[in-house]
$ cat run19.tsv   # TSV, N, CA and C atoms
chain	number	residue	atom	x	y	z
A	1	MET	N	-11.80	-5.24	-7.42
A	1	MET	CA	-10.80	-4.74	-8.35
A	1	MET	C	-10.01	-5.92	-8.90
A	2	ASN	N	-9.83	-5.96	-10.17
A	2	ASN	CA	-9.03	-6.99	-10.80
A	2	ASN	C	-7.57	-6.53	-10.74
A	3	PHE	N	-6.83	-7.00	-9.72
A	3	PHE	CA	-5.47	-6.54	-9.51
A	3	PHE	C	-4.54	-6.97	-10.64
A	4	ASP	N	-4.86	-8.05	-11.33
A	4	ASP	CA	-4.02	-8.50	-12.44
A	4	ASP	C	-4.14	-7.59	-13.66
A	5	ALA	N	-5.24	-6.86	-13.76
A	5	ALA	CA	-5.47	-6.01	-14.93
A	5	ALA	C	-4.95	-4.59	-14.75
A	6	ILE	N	-4.37	-4.29	-13.61
A	6	ILE	CA	-3.88	-2.93	-13.34
A	6	ILE	C	-2.65	-2.66	-14.19
A	7	ASP	N	-2.66	-1.54	-14.87
A	7	ASP	CA	-1.50	-1.12	-15.66
A	7	ASP	C	-0.67	-0.17	-14.81
A	8	PRO	N	0.44	-0.64	-14.23
A	8	PRO	CA	1.22	0.21	-13.33
A	8	PRO	C	1.81	1.44	-14.01
A	9	ASP	N	2.00	1.39	-15.33
A	9	ASP	CA	2.54	2.55	-16.02
A	9	ASP	C	1.55	3.71	-16.04
A	10	VAL	N	0.27	3.38	-15.99
A	10	VAL	CA	-0.76	4.41	-15.96
A	10	VAL	C	-0.92	4.97	-14.55
A	11	LEU	N	-0.81	4.09	-13.55
A	11	LEU	CA	-1.09	4.48	-12.18
A	11	LEU	C	0.11	5.04	-11.43
A	12	ASP	N	1.30	4.83	-11.94
A	12	ASP	CA	2.50	5.19	-11.19
A	12	ASP	C	3.49	5.86	-12.13
A	13	SER	N	4.02	6.98	-11.71
A	13	SER	CA	4.95	7.74	-12.56
A	13	SER	C	6.37	7.20	-12.51
A	14	ASN	N	6.60	6.09	-11.82
A	14	ASN	CA	7.94	5.52	-11.71
A	14	ASN	C	8.29	4.60	-12.87
A	15	GLY	N	7.45	4.54	-13.89
A	15	GLY	CA	7.73	3.74	-15.06
A	15	GLY	C	7.37	2.28	-14.86
A	16	PRO	N	7.77	1.44	-15.80
A	16	PRO	CA	7.43	0.02	-15.73
A	16	PRO	C	8.03	-0.65	-14.49
A	17	ILE	N	7.37	-1.69	-14.02
A	17	ILE	CA	7.89	-2.46	-12.90
A	17	ILE	C	9.09	-3.26	-13.39
A	18	SER	N	10.21	-3.15	-12.67
A	18	SER	CA	11.41	-3.89	-13.04
A	18	SER	C	11.24	-5.36	-12.67
A	19	ASP	N	12.10	-6.20	-13.22
A	19	ASP	CA	12.04	-7.63	-12.92
A	19	ASP	C	12.24	-7.89	-11.43
A	20	ILE	N	13.16	-7.17	-10.78
A	20	ILE	CA	13.42	-7.38	-9.36
A	20	ILE	C	12.25	-6.89	-8.52
A	21	GLU	N	11.62	-5.78	-8.93
A	21	GLU	CA	10.43	-5.31	-8.21
A	21	GLU	C	9.31	-6.33	-8.31
A	22	ARG	N	9.10	-6.88	-9.50
A	22	ARG	CA	8.06	-7.89	-9.70
A	22	ARG	C	8.36	-9.13	-8.87
A	23	ALA	N	9.62	-9.57	-8.85
A	23	ALA	CA	10.00	-10.77	-8.09
A	23	ALA	C	9.77	-10.56	-6.60
A	24	CYS	N	10.13	-9.38	-6.08
A	24	CYS	CA	9.92	-9.10	-4.65
A	24	CYS	C	8.44	-9.00	-4.32
A	25	LEU	N	7.69	-8.36	-5.18
A	25	LEU	CA	6.25	-8.24	-4.96
A	25	LEU	C	5.57	-9.60	-5.00
A	26	ASP	N	5.96	-10.43	-5.95
A	26	ASP	CA	5.37	-11.77	-6.07
A	26	ASP	C	5.74	-12.66	-4.89
A	27	ALA	N	6.92	-12.45	-4.28
A	27	ALA	CA	7.38	-13.28	-3.16
A	27	ALA	C	6.73	-12.86	-1.84
A	28	GLU	N	6.15	-11.68	-1.80
A	28	GLU	CA	5.54	-11.17	-0.56
A	28	GLU	C	4.16	-11.80	-0.38
A	29	PRO	N	3.94	-12.48	0.74
A	29	PRO	CA	2.63	-13.13	0.93
A	29	PRO	C	1.52	-12.12	1.21
A	30	VAL	N	0.33	-12.50	0.81
A	30	VAL	CA	-0.87	-11.74	1.16
A	30	VAL	C	-1.24	-12.18	2.57
A	31	TYR	N	-1.40	-11.22	3.49
A	31	TYR	CA	-1.73	-11.60	4.86
A	31	TYR	C	-3.23	-11.43	5.11
A	32	PRO	N	-3.75	-12.02	6.19
A	32	PRO	CA	-5.20	-12.09	6.40
A	32	PRO	C	-5.92	-10.74	6.37
A	33	LEU	N	-5.34	-9.68	6.92
A	33	LEU	CA	-6.03	-8.39	6.90
A	33	LEU	C	-6.24	-7.91	5.47
A	34	MET	N	-5.29	-8.17	4.60
A	34	MET	CA	-5.45	-7.80	3.19
A	34	MET	C	-6.67	-8.49	2.59
A	35	ASP	N	-6.82	-9.77	2.88
A	35	ASP	CA	-7.97	-10.51	2.36
A	35	ASP	C	-9.27	-10.02	2.99
A	36	THR	N	-9.25	-9.77	4.28
A	36	THR	CA	-10.46	-9.32	4.97
A	36	THR	C	-10.97	-8.00	4.41
A	37	LEU	N	-10.07	-7.04	4.23
A	37	LEU	CA	-10.47	-5.72	3.74
A	37	LEU	C	-10.49	-5.63	2.21
A	38	GLY	N	-9.77	-6.52	1.54
A	38	GLY	CA	-9.78	-6.55	0.08
A	38	GLY	C	-8.80	-5.60	-0.58
A	39	TYR	N	-7.63	-5.43	0.00
A	39	TYR	CA	-6.62	-4.56	-0.63
A	39	TYR	C	-5.36	-5.35	-0.94
A	40	ARG	N	-4.53	-4.79	-1.80
A	40	ARG	CA	-3.27	-5.42	-2.20
A	40	ARG	C	-2.19	-4.37	-2.40
A	41	VAL	N	-0.95	-4.80	-2.18
A	41	VAL	CA	0.21	-3.99	-2.57
A	41	VAL	C	0.43	-4.29	-4.04
A	42	THR	N	0.31	-3.28	-4.89
A	42	THR	CA	0.38	-3.49	-6.34
A	42	THR	C	1.66	-2.94	-6.95
A	43	ARG	N	2.41	-2.20	-6.18
A	43	ARG	CA	3.68	-1.65	-6.67
A	43	ARG	C	4.60	-1.53	-5.46
A	44	TRP	N	5.87	-1.96	-5.61
A	44	TRP	CA	6.79	-1.91	-4.48
A	44	TRP	C	8.20	-1.80	-5.02
A	45	GLY	N	8.91	-0.79	-4.60
A	45	GLY	CA	10.27	-0.57	-5.04
A	45	GLY	C	11.02	0.25	-4.02
A	46	PRO	N	12.22	0.68	-4.36
A	46	PRO	CA	13.03	1.46	-3.41
A	46	PRO	C	12.29	2.70	-2.92
A	47	ASP	N	12.03	2.75	-1.62
A	47	ASP	CA	11.45	3.91	-0.95
A	47	ASP	C	10.03	4.24	-1.38
A	48	ARG	N	9.30	3.29	-1.94
A	48	ARG	CA	7.93	3.59	-2.38
A	48	ARG	C	7.10	2.31	-2.44
A	49	ALA	N	5.79	2.51	-2.30
A	49	ALA	CA	4.85	1.39	-2.41
A	49	ALA	C	3.49	1.95	-2.80
A	50	THR	N	2.71	1.13	-3.49
A	50	THR	CA	1.36	1.49	-3.87
A	50	THR	C	0.42	0.40	-3.36
A	51	VAL	N	-0.65	0.83	-2.71
A	51	VAL	CA	-1.67	-0.07	-2.18
A	51	VAL	C	-2.98	0.30	-2.85
A	52	GLN	N	-3.75	-0.72	-3.26
A	52	GLN	CA	-5.02	-0.46	-3.95
A	52	GLN	C	-6.13	-1.34	-3.40
A	53	MET	N	-7.34	-0.81	-3.46
A	53	MET	CA	-8.52	-1.59	-3.11
A	53	MET	C	-9.74	-1.01	-3.80
A	54	THR	N	-10.76	-1.82	-3.89
A	54	THR	CA	-12.05	-1.36	-4.38
A	54	THR	C	-12.97	-1.23	-3.18
A	55	LEU	N	-13.62	-0.10	-3.09
A	55	LEU	CA	-14.54	0.16	-1.99
A	55	LEU	C	-15.69	-0.84	-2.03
A	56	SER	N	-16.00	-1.41	-0.88
A	56	SER	CA	-17.13	-2.34	-0.76
A	56	SER	C	-17.94	-1.97	0.48
A	57	ASP	N	-19.13	-2.51	0.57
A	57	ASP	CA	-19.98	-2.24	1.73
A	57	ASP	C	-19.31	-2.65	3.04
A	58	ALA	N	-18.43	-3.63	2.98
A	58	ALA	CA	-17.78	-4.13	4.19
A	58	ALA	C	-16.86	-3.10	4.84
A	59	VAL	N	-16.43	-2.07	4.11
A	59	VAL	CA	-15.48	-1.09	4.66
A	59	VAL	C	-16.06	0.32	4.69
A	60	THR	N	-17.39	0.41	4.63
A	60	THR	CA	-18.01	1.74	4.72
A	60	THR	C	-18.56	1.96	6.12
A	61	ASN	N	-18.75	3.23	6.44
A	61	ASN	CA	-19.35	3.56	7.74
A	61	ASN	C	-20.87	3.62	7.60
A	62	ARG	N	-21.56	4.05	8.62
A	62	ARG	CA	-23.03	4.05	8.60
A	62	ARG	C	-23.60	5.05	7.61
A	63	LYS	N	-22.78	5.97	7.10
A	63	LYS	CA	-23.21	6.93	6.08
A	63	LYS	C	-22.96	6.40	4.67
A	64	GLY	N	-22.33	5.21	4.58
A	64	GLY	CA	-22.06	4.62	3.27
A	64	GLY	C	-20.79	5.10	2.60
A	65	ILE	N	-19.94	5.81	3.35
A	65	ILE	CA	-18.65	6.24	2.79
A	65	ILE	C	-17.52	5.45	3.45
A	66	MET	N	-16.39	5.46	2.82
A	66	MET	CA	-15.26	4.68	3.34
A	66	MET	C	-14.96	5.07	4.78
A	67	HIS	N	-14.84	4.06	5.63
A	67	HIS	CA	-14.52	4.29	7.03
A	67	HIS	C	-13.10	4.84	7.14
A	68	GLY	N	-12.92	5.87	7.94
A	68	GLY	CA	-11.60	6.50	8.09
A	68	GLY	C	-10.54	5.55	8.61
A	69	GLY	N	-10.94	4.59	9.43
A	69	GLY	CA	-9.97	3.62	9.94
A	69	GLY	C	-9.41	2.74	8.84
A	70	VAL	N	-10.23	2.42	7.87
A	70	VAL	CA	-9.76	1.62	6.73
A	70	VAL	C	-8.77	2.45	5.90
A	71	MET	N	-9.08	3.71	5.72
A	71	MET	CA	-8.15	4.58	5.01
A	71	MET	C	-6.82	4.64	5.76
A	72	GLY	N	-6.88	4.68	7.09
A	72	GLY	CA	-5.67	4.66	7.89
A	72	GLY	C	-4.86	3.39	7.69
A	73	VAL	N	-5.56	2.25	7.56
A	73	VAL	CA	-4.88	0.98	7.30
A	73	VAL	C	-4.14	1.04	5.96
A	74	LEU	N	-4.78	1.59	4.94
A	74	LEU	CA	-4.13	1.70	3.62
A	74	LEU	C	-2.90	2.60	3.71
A	75	LEU	N	-3.02	3.72	4.39
A	75	LEU	CA	-1.88	4.63	4.56
A	75	LEU	C	-0.75	3.96	5.32
A	76	ASP	N	-1.08	3.29	6.40
A	76	ASP	CA	-0.08	2.61	7.22
A	76	ASP	C	0.63	1.51	6.43
A	77	THR	N	-0.13	0.77	5.65
A	77	THR	CA	0.45	-0.31	4.84
A	77	THR	C	1.39	0.25	3.78
A	78	ALA	N	0.95	1.28	3.06
A	78	ALA	CA	1.80	1.87	2.02
A	78	ALA	C	3.08	2.44	2.62
A	79	ALA	N	2.97	3.14	3.75
A	79	ALA	CA	4.15	3.70	4.41
A	79	ALA	C	5.08	2.60	4.90
A	80	GLY	N	4.49	1.55	5.47
A	80	GLY	CA	5.31	0.45	5.97
A	80	GLY	C	6.10	-0.24	4.87
A	81	TYR	N	5.42	-0.55	3.78
A	81	TYR	CA	6.12	-1.20	2.67
A	81	TYR	C	7.18	-0.27	2.06
A	82	ALA	N	6.90	1.01	1.99
A	82	ALA	CA	7.87	1.95	1.41
A	82	ALA	C	9.20	1.92	2.15
A	83	GLY	N	9.16	1.68	3.44
A	83	GLY	CA	10.40	1.66	4.21
A	83	GLY	C	11.02	0.29	4.37
A	84	CYS	N	10.39	-0.75	3.85
A	84	CYS	CA	10.87	-2.12	4.06
A	84	CYS	C	11.44	-2.78	2.81
A	85	TRP	N	11.69	-2.03	1.78
A	85	TRP	CA	12.23	-2.59	0.54
A	85	TRP	C	13.65	-3.09	0.76
A	86	THR	N	13.94	-4.32	0.33
A	86	THR	CA	15.30	-4.85	0.38
A	86	THR	C	15.87	-5.08	-1.02
A	87	GLY	N	14.99	-5.30	-2.00
A	87	GLY	CA	15.45	-5.60	-3.35
A	87	GLY	C	15.85	-7.05	-3.53
A	88	ILE	N	15.62	-7.87	-2.50
A	88	ILE	CA	15.96	-9.29	-2.56
A	88	ILE	C	14.70	-10.10	-2.26
A	89	PRO	N	14.20	-10.84	-3.26
A	89	PRO	CA	12.98	-11.63	-3.02
A	89	PRO	C	13.13	-12.55	-1.81
A	90	ASN	N	12.09	-12.65	-1.02
A	90	ASN	CA	12.04	-13.50	0.18
A	90	ASN	C	12.92	-13.01	1.33
A	91	GLU	N	13.58	-11.89	1.20
A	91	GLU	CA	14.30	-11.29	2.32
A	91	GLU	C	13.38	-10.25	2.94
A	92	THR	N	12.93	-10.53	4.14
A	92	THR	CA	11.91	-9.70	4.77
A	92	THR	C	12.53	-8.71	5.74
A	93	ARG	N	12.12	-7.48	5.63
A	93	ARG	CA	12.45	-6.45	6.61
A	93	ARG	C	11.13	-6.07	7.26
A	94	ARG	N	11.08	-6.06	8.55
A	94	ARG	CA	9.84	-5.77	9.29
A	94	ARG	C	9.84	-4.32	9.77
A	95	ALA	N	8.64	-3.81	9.98
A	95	ALA	CA	8.49	-2.45	10.51
A	95	ALA	C	7.25	-2.41	11.39
A	96	LEU	N	7.20	-1.42	12.24
A	96	LEU	CA	5.99	-1.14	12.99
A	96	LEU	C	5.84	0.37	13.06
A	97	THR	N	4.62	0.80	13.20
A	97	THR	CA	4.34	2.23	13.20
A	97	THR	C	4.56	2.78	14.60
A	98	LEU	N	5.43	3.78	14.70
A	98	LEU	CA	5.66	4.44	15.99
A	98	LEU	C	4.60	5.49	16.26
A	99	THR	N	4.25	6.24	15.22
A	99	THR	CA	3.20	7.24	15.34
A	99	THR	C	2.65	7.54	13.96
A	100	MET	N	1.37	7.84	13.90
A	100	MET	CA	0.76	8.19	12.62
A	100	MET	C	-0.38	9.16	12.89
A	101	THR	N	-0.37	10.25	12.17
A	101	THR	CA	-1.44	11.23	12.26
A	101	THR	C	-2.08	11.36	10.89
A	102	VAL	N	-3.39	11.28	10.85
A	102	VAL	CA	-4.12	11.41	9.60
A	102	VAL	C	-5.06	12.61	9.73
A	103	GLN	N	-4.97	13.50	8.79
A	103	GLN	CA	-5.91	14.62	8.73
A	103	GLN	C	-6.75	14.45	7.47
A	104	TYR	N	-8.01	14.17	7.66
A	104	TYR	CA	-8.91	13.92	6.55
A	104	TYR	C	-9.42	15.26	6.01
A	105	VAL	N	-9.29	15.44	4.70
A	105	VAL	CA	-9.74	16.69	4.08
A	105	VAL	C	-10.92	16.46	3.14
A	106	GLY	N	-11.33	15.22	3.01
A	106	GLY	CA	-12.46	14.90	2.14
A	106	GLY	C	-12.73	13.42	2.19
A	107	GLN	N	-13.71	13.00	1.45
A	107	GLN	CA	-14.06	11.58	1.41
A	107	GLN	C	-13.74	11.00	0.03
A	108	ALA	N	-13.62	9.69	0.00
A	108	ALA	CA	-13.36	9.01	-1.27
A	108	ALA	C	-14.51	9.27	-2.23
A	109	THR	N	-14.19	9.62	-3.46
A	109	THR	CA	-15.22	9.92	-4.46
A	109	THR	C	-15.24	8.90	-5.58
A	110	THR	N	-14.46	7.84	-5.44
A	110	THR	CA	-14.41	6.78	-6.43
A	110	THR	C	-14.39	5.45	-5.71
A	111	ASN	N	-14.73	4.40	-6.39
A	111	ASN	CA	-14.70	3.07	-5.77
A	111	ASN	C	-13.34	2.41	-5.84
A	112	ASP	N	-12.49	2.80	-6.77
A	112	ASP	CA	-11.15	2.24	-6.88
A	112	ASP	C	-10.18	3.19	-6.20
A	113	LEU	N	-9.61	2.73	-5.10
A	113	LEU	CA	-8.77	3.57	-4.26
A	113	LEU	C	-7.30	3.21	-4.42
A	114	ILE	N	-6.45	4.22	-4.50
A	114	ILE	CA	-5.02	4.03	-4.67
A	114	ILE	C	-4.32	4.86	-3.61
A	115	CYS	N	-3.41	4.24	-2.87
A	115	CYS	CA	-2.66	4.92	-1.82
A	115	CYS	C	-1.17	4.76	-2.12
A	116	TYR	N	-0.46	5.88	-2.17
A	116	TYR	CA	0.97	5.88	-2.44
A	116	TYR	C	1.74	6.13	-1.14
A	117	GLY	N	2.73	5.31	-0.88
A	117	GLY	CA	3.63	5.52	0.26
A	117	GLY	C	5.01	5.85	-0.26
A	118	ARG	N	5.68	6.79	0.42
A	118	ARG	CA	7.03	7.19	0.01
A	118	ARG	C	7.88	7.41	1.24
A	119	LYS	N	9.01	6.73	1.31
A	119	LYS	CA	9.97	6.95	2.40
A	119	LYS	C	10.65	8.29	2.15
A	120	THR	N	10.62	9.15	3.15
A	120	THR	CA	11.17	10.51	2.96
A	120	THR	C	12.42	10.76	3.77
A	121	GLY	N	12.78	9.86	4.64
A	121	GLY	CA	14.00	10.08	5.43
A	121	GLY	C	14.12	9.04	6.52
A	122	GLY	N	15.13	9.24	7.36
A	122	GLY	CA	15.35	8.35	8.48
A	122	GLY	C	16.77	7.85	8.52
A	123	GLY	N	16.99	6.90	9.41
A	123	GLY	CA	18.32	6.34	9.61
A	123	GLY	C	18.30	4.84	9.51
A	124	SER	N	19.16	4.21	10.32
A	124	SER	CA	19.30	2.75	10.21
A	124	SER	C	18.21	1.99	10.96
A	125	THR	N	17.51	2.63	11.91
A	125	THR	CA	16.48	1.92	12.65
A	125	THR	C	15.10	2.56	12.59
A	126	VAL	N	15.01	3.82	12.26
A	126	VAL	CA	13.73	4.52	12.17
A	126	VAL	C	13.69	5.24	10.83
A	127	TYR	N	12.55	5.18	10.16
A	127	TYR	CA	12.41	5.92	8.92
A	127	TYR	C	11.09	6.69	8.92
A	128	TYR	N	10.97	7.64	8.01
A	128	TYR	CA	9.79	8.46	7.88
A	128	TYR	C	9.17	8.20	6.50
A	129	ALA	N	7.86	8.06	6.49
A	129	ALA	CA	7.18	7.83	5.21
A	129	ALA	C	5.90	8.62	5.18

$ encode --input "run19.tsv" --output "structure tokens"
Amino acid sequence: MNFDAIDPDVLDSNGPISDIERACLDAEPVYPLMDTLGYRVTRWGPDRATVQMTLSDAVTNRKGIMHGGVMGVLLDTAAGYAGCWTGIPNETRRALTLTMTVQYVGQATTNDLICYGRKTGGGSTVYYA
């Protein structure tokens, strides 16, 4: 997937990326798991995040469909970023997953995958996404 060619206005109903959102997204480093699996955080703002990847043979199961564990990684990443927004470039807020349940209702039917995370509640130390 050409992440530079993604039009966020088409993929996300939150409108254009603001200057502060772009600055925070640009300041966030790509970590090794992102490179290994081939995904990126392409949208990040208050209480929300978007993660995208292109399906490749490296992340499929023996049936040739996306491995459920990889889908879990995308969900976990989007949820984590959704709760870690500070609005200040290079100011990092960390999170870890306390619990996550995934109920699969179907398989990916496209090669370009988009995962949306949204913070839905919580307090000063625990949040829900």

$ select_by_dssp --input "run19.tsv" --residues "stretch 8-101 of chain A" --states "helix (DSSP H, G or I)" --output "ChimeraX atom specification"
/A:8-11,19-27,32-37,57-59,68-83

$ residues_around --input "run19.tsv" --residues "A:Thr42" --least-positions-apart "6" --cutoff "6.5 Å" --atoms "all atoms listed in the file" --output "list in words"
Ala49, Thr50, Val51 and Gln52 of chain A

$ residues_around --input "run19.tsv" --residues "A:Gly87" --least-positions-apart "3" --cutoff "12 Å" --atoms "only C-alpha atoms" --output "VMD selection string"
chain A and resid 18 to 25 27 to 28 44 to 48 81 to 84 90 to 93

$ residues_around --input "run19.tsv" --residues "A:Gly64" --least-positions-apart "3" --cutoff "12 Å" --atoms "only C-alpha atoms" --output "count of residues only"
13

$ select_by_dssp --input "run19.tsv" --residues "chain A" --states "strand (DSSP E)" --output "compact mmCIF listing (two decimals) with N, CA and C atoms, keeping the file's coordinate frame"
# COMPACT_ATOMS: atom_id res chain seq x y z
N TYR A 39 -7.63 -5.43 0.00
CA TYR A 39 -6.62 -4.56 -0.63
C TYR A 39 -5.36 -5.35 -0.94
N ARG A 40 -4.53 -4.79 -1.80
CA ARG A 40 -3.27 -5.42 -2.20
C ARG A 40 -2.19 -4.37 -2.40
N VAL A 41 -0.95 -4.80 -2.18
CA VAL A 41 0.21 -3.99 -2.57
C VAL A 41 0.43 -4.29 -4.04
N THR A 42 0.31 -3.28 -4.89
CA THR A 42 0.38 -3.49 -6.34
C THR A 42 1.66 -2.94 -6.95
N ARG A 43 2.41 -2.20 -6.18
CA ARG A 43 3.68 -1.65 -6.67
C ARG A 43 4.60 -1.53 -5.46
N TRP A 44 5.87 -1.96 -5.61
CA TRP A 44 6.79 -1.91 -4.48
C TRP A 44 8.20 -1.80 -5.02
N GLY A 45 8.91 -0.79 -4.60
CA GLY A 45 10.27 -0.57 -5.04
C GLY A 45 11.02 0.25 -4.02
N ARG A 48 9.30 3.29 -1.94
CA ARG A 48 7.93 3.59 -2.38
C ARG A 48 7.10 2.31 -2.44
N ALA A 49 5.79 2.51 -2.30
CA ALA A 49 4.85 1.39 -2.41
C ALA A 49 3.49 1.95 -2.80
N THR A 50 2.71 1.13 -3.49
CA THR A 50 1.36 1.49 -3.87
C THR A 50 0.42 0.40 -3.36
N VAL A 51 -0.65 0.83 -2.71
CA VAL A 51 -1.67 -0.07 -2.18
C VAL A 51 -2.98 0.30 -2.85
N GLN A 52 -3.75 -0.72 -3.26
CA GLN A 52 -5.02 -0.46 -3.95
C GLN A 52 -6.13 -1.34 -3.40
N MET A 53 -7.34 -0.81 -3.46
CA MET A 53 -8.52 -1.59 -3.11
C MET A 53 -9.74 -1.01 -3.80
N THR A 54 -10.76 -1.82 -3.89
CA THR A 54 -12.05 -1.36 -4.38
C THR A 54 -12.97 -1.23 -3.18
N ASP A 112 -12.49 2.80 -6.77
CA ASP A 112 -11.15 2.24 -6.88
C ASP A 112 -10.18 3.19 -6.20
N LEU A 113 -9.61 2.73 -5.10
CA LEU A 113 -8.77 3.57 -4.26
C LEU A 113 -7.30 3.21 -4.42
N ILE A 114 -6.45 4.22 -4.50
CA ILE A 114 -5.02 4.03 -4.67
C ILE A 114 -4.32 4.86 -3.61
N CYS A 115 -3.41 4.24 -2.87
CA CYS A 115 -2.66 4.92 -1.82
C CYS A 115 -1.17 4.76 -2.12
N TYR A 116 -0.46 5.88 -2.17
CA TYR A 116 0.97 5.88 -2.44
C TYR A 116 1.74 6.13 -1.14
N GLY A 117 2.73 5.31 -0.88
CA GLY A 117 3.63 5.52 0.26
C GLY A 117 5.01 5.85 -0.26
N ARG A 118 5.68 6.79 0.42
CA ARG A 118 7.03 7.19 0.01
C ARG A 118 7.88 7.41 1.24
N GLY A 121 12.78 9.86 4.64
CA GLY A 121 14.00 10.08 5.43
C GLY A 121 14.12 9.04 6.52
N GLY A 122 15.13 9.24 7.36
CA GLY A 122 15.35 8.35 8.48
C GLY A 122 16.77 7.85 8.52
N TYR A 127 12.55 5.18 10.16
CA TYR A 127 12.41 5.92 8.92
C TYR A 127 11.09 6.69 8.92
N TYR A 128 10.97 7.64 8.01
CA TYR A 128 9.79 8.46 7.88
C TYR A 128 9.17 8.20 6.50

$ atom_distance --input "run19.tsv" --atom1 "atom N of A:Gly38" --atom2 "atom CA of A:Gly15"
26.2 Å

$ axis_aligned_box --input "run19.tsv" --around "stretch 102-106 of chain A" --padding-each-side "3 Å" --output "JSON"
{"center_x": -8.1, "center_y": 14.0, "center_z": 6.5, "size_x": 15.3, "size_y": 11.4, "size_z": 14.7}

$ decode --input "run19.tsv" --residues "stretch 61-110 of chain A" --atoms "C-alpha atoms" --output "short mmCIF file (atom, residue, chain, number, x, y, z; two decimals), in the first residue's frame"
data_model
loop_
_atom_site.label_atom_id
_atom_site.label_comp_id
_atom_site.auth_asym_id
_atom_site.auth_seq_id
_atom_site.Cartn_x
_atom_site.Cartn_y
_atom_site.Cartn_z
CA ASN A 61 -2.89 -18.44 7.24
CA ARG A 62 -2.60 -21.83 5.53
CA LYS A 63 -5.92 -21.20 3.74
CA GLY A 64 -4.54 -18.01 2.18
CA ILE A 65 -6.73 -15.60 4.17
CA MET A 66 -5.62 -13.01 6.66
CA HIS A 67 -4.49 -14.61 9.91
CA GLY A 68 -6.82 -13.68 12.78
CA GLY A 69 -3.87 -12.84 15.01
CA VAL A 70 -2.73 -10.18 12.57
CA MET A 71 -6.23 -8.71 12.55
CA GLY A 72 -6.01 -8.66 16.35
CA VAL A 73 -2.73 -6.72 16.12
CA LEU A 74 -4.41 -4.11 13.89
CA LEU A 75 -7.34 -3.80 16.29
CA ASP A 76 -5.06 -3.55 19.31
CA THR A 77 -2.89 -0.91 17.63
CA ALA A 78 -5.85 1.24 16.56
CA ALA A 79 -7.41 1.03 20.03
CA GLY A 80 -4.10 1.81 21.70
CA TYR A 81 -3.41 4.88 19.61
CA ALA A 82 -7.00 6.10 20.05
CA GLY A 83 -6.45 6.34 23.79
CA CYS A 84 -2.93 7.80 23.67
CA TRP A 85 -3.51 11.10 21.87
CA THR A 86 -1.85 14.09 23.57
CA GLY A 87 -2.03 16.67 20.79
CA ILE A 88 1.63 17.57 21.42
CA PRO A 89 4.22 16.25 18.95
CA ASN A 90 6.91 14.09 20.60
CA GLU A 91 4.94 13.88 23.87
CA THR A 92 4.36 10.17 24.29
CA ARG A 93 1.59 8.57 26.29
CA ARG A 94 1.95 4.81 26.67
CA ALA A 95 -0.73 2.17 26.97
CA LEU A 96 -1.04 -1.56 27.32
CA THR A 97 -3.96 -3.82 26.68
CA LEU A 98 -5.64 -5.14 29.81
CA THR A 99 -8.10 -7.33 27.95
CA MET A 100 -9.27 -7.72 24.39
CA THR A 101 -11.94 -9.95 22.92
CA VAL A 102 -12.33 -10.36 19.18
CA GLN A 103 -15.34 -12.02 17.62
CA TYR A 104 -14.72 -12.73 13.96
CA VAL A 105 -17.83 -12.57 11.78
CA GLY A 106 -16.15 -12.93 8.40
CA GLN A 107 -12.89 -12.78 6.55
CA ALA A 108 -11.15 -9.93 4.77
CA THR A 109 -12.48 -9.60 1.23
CA THR A 110 -10.06 -6.95 0.01
#
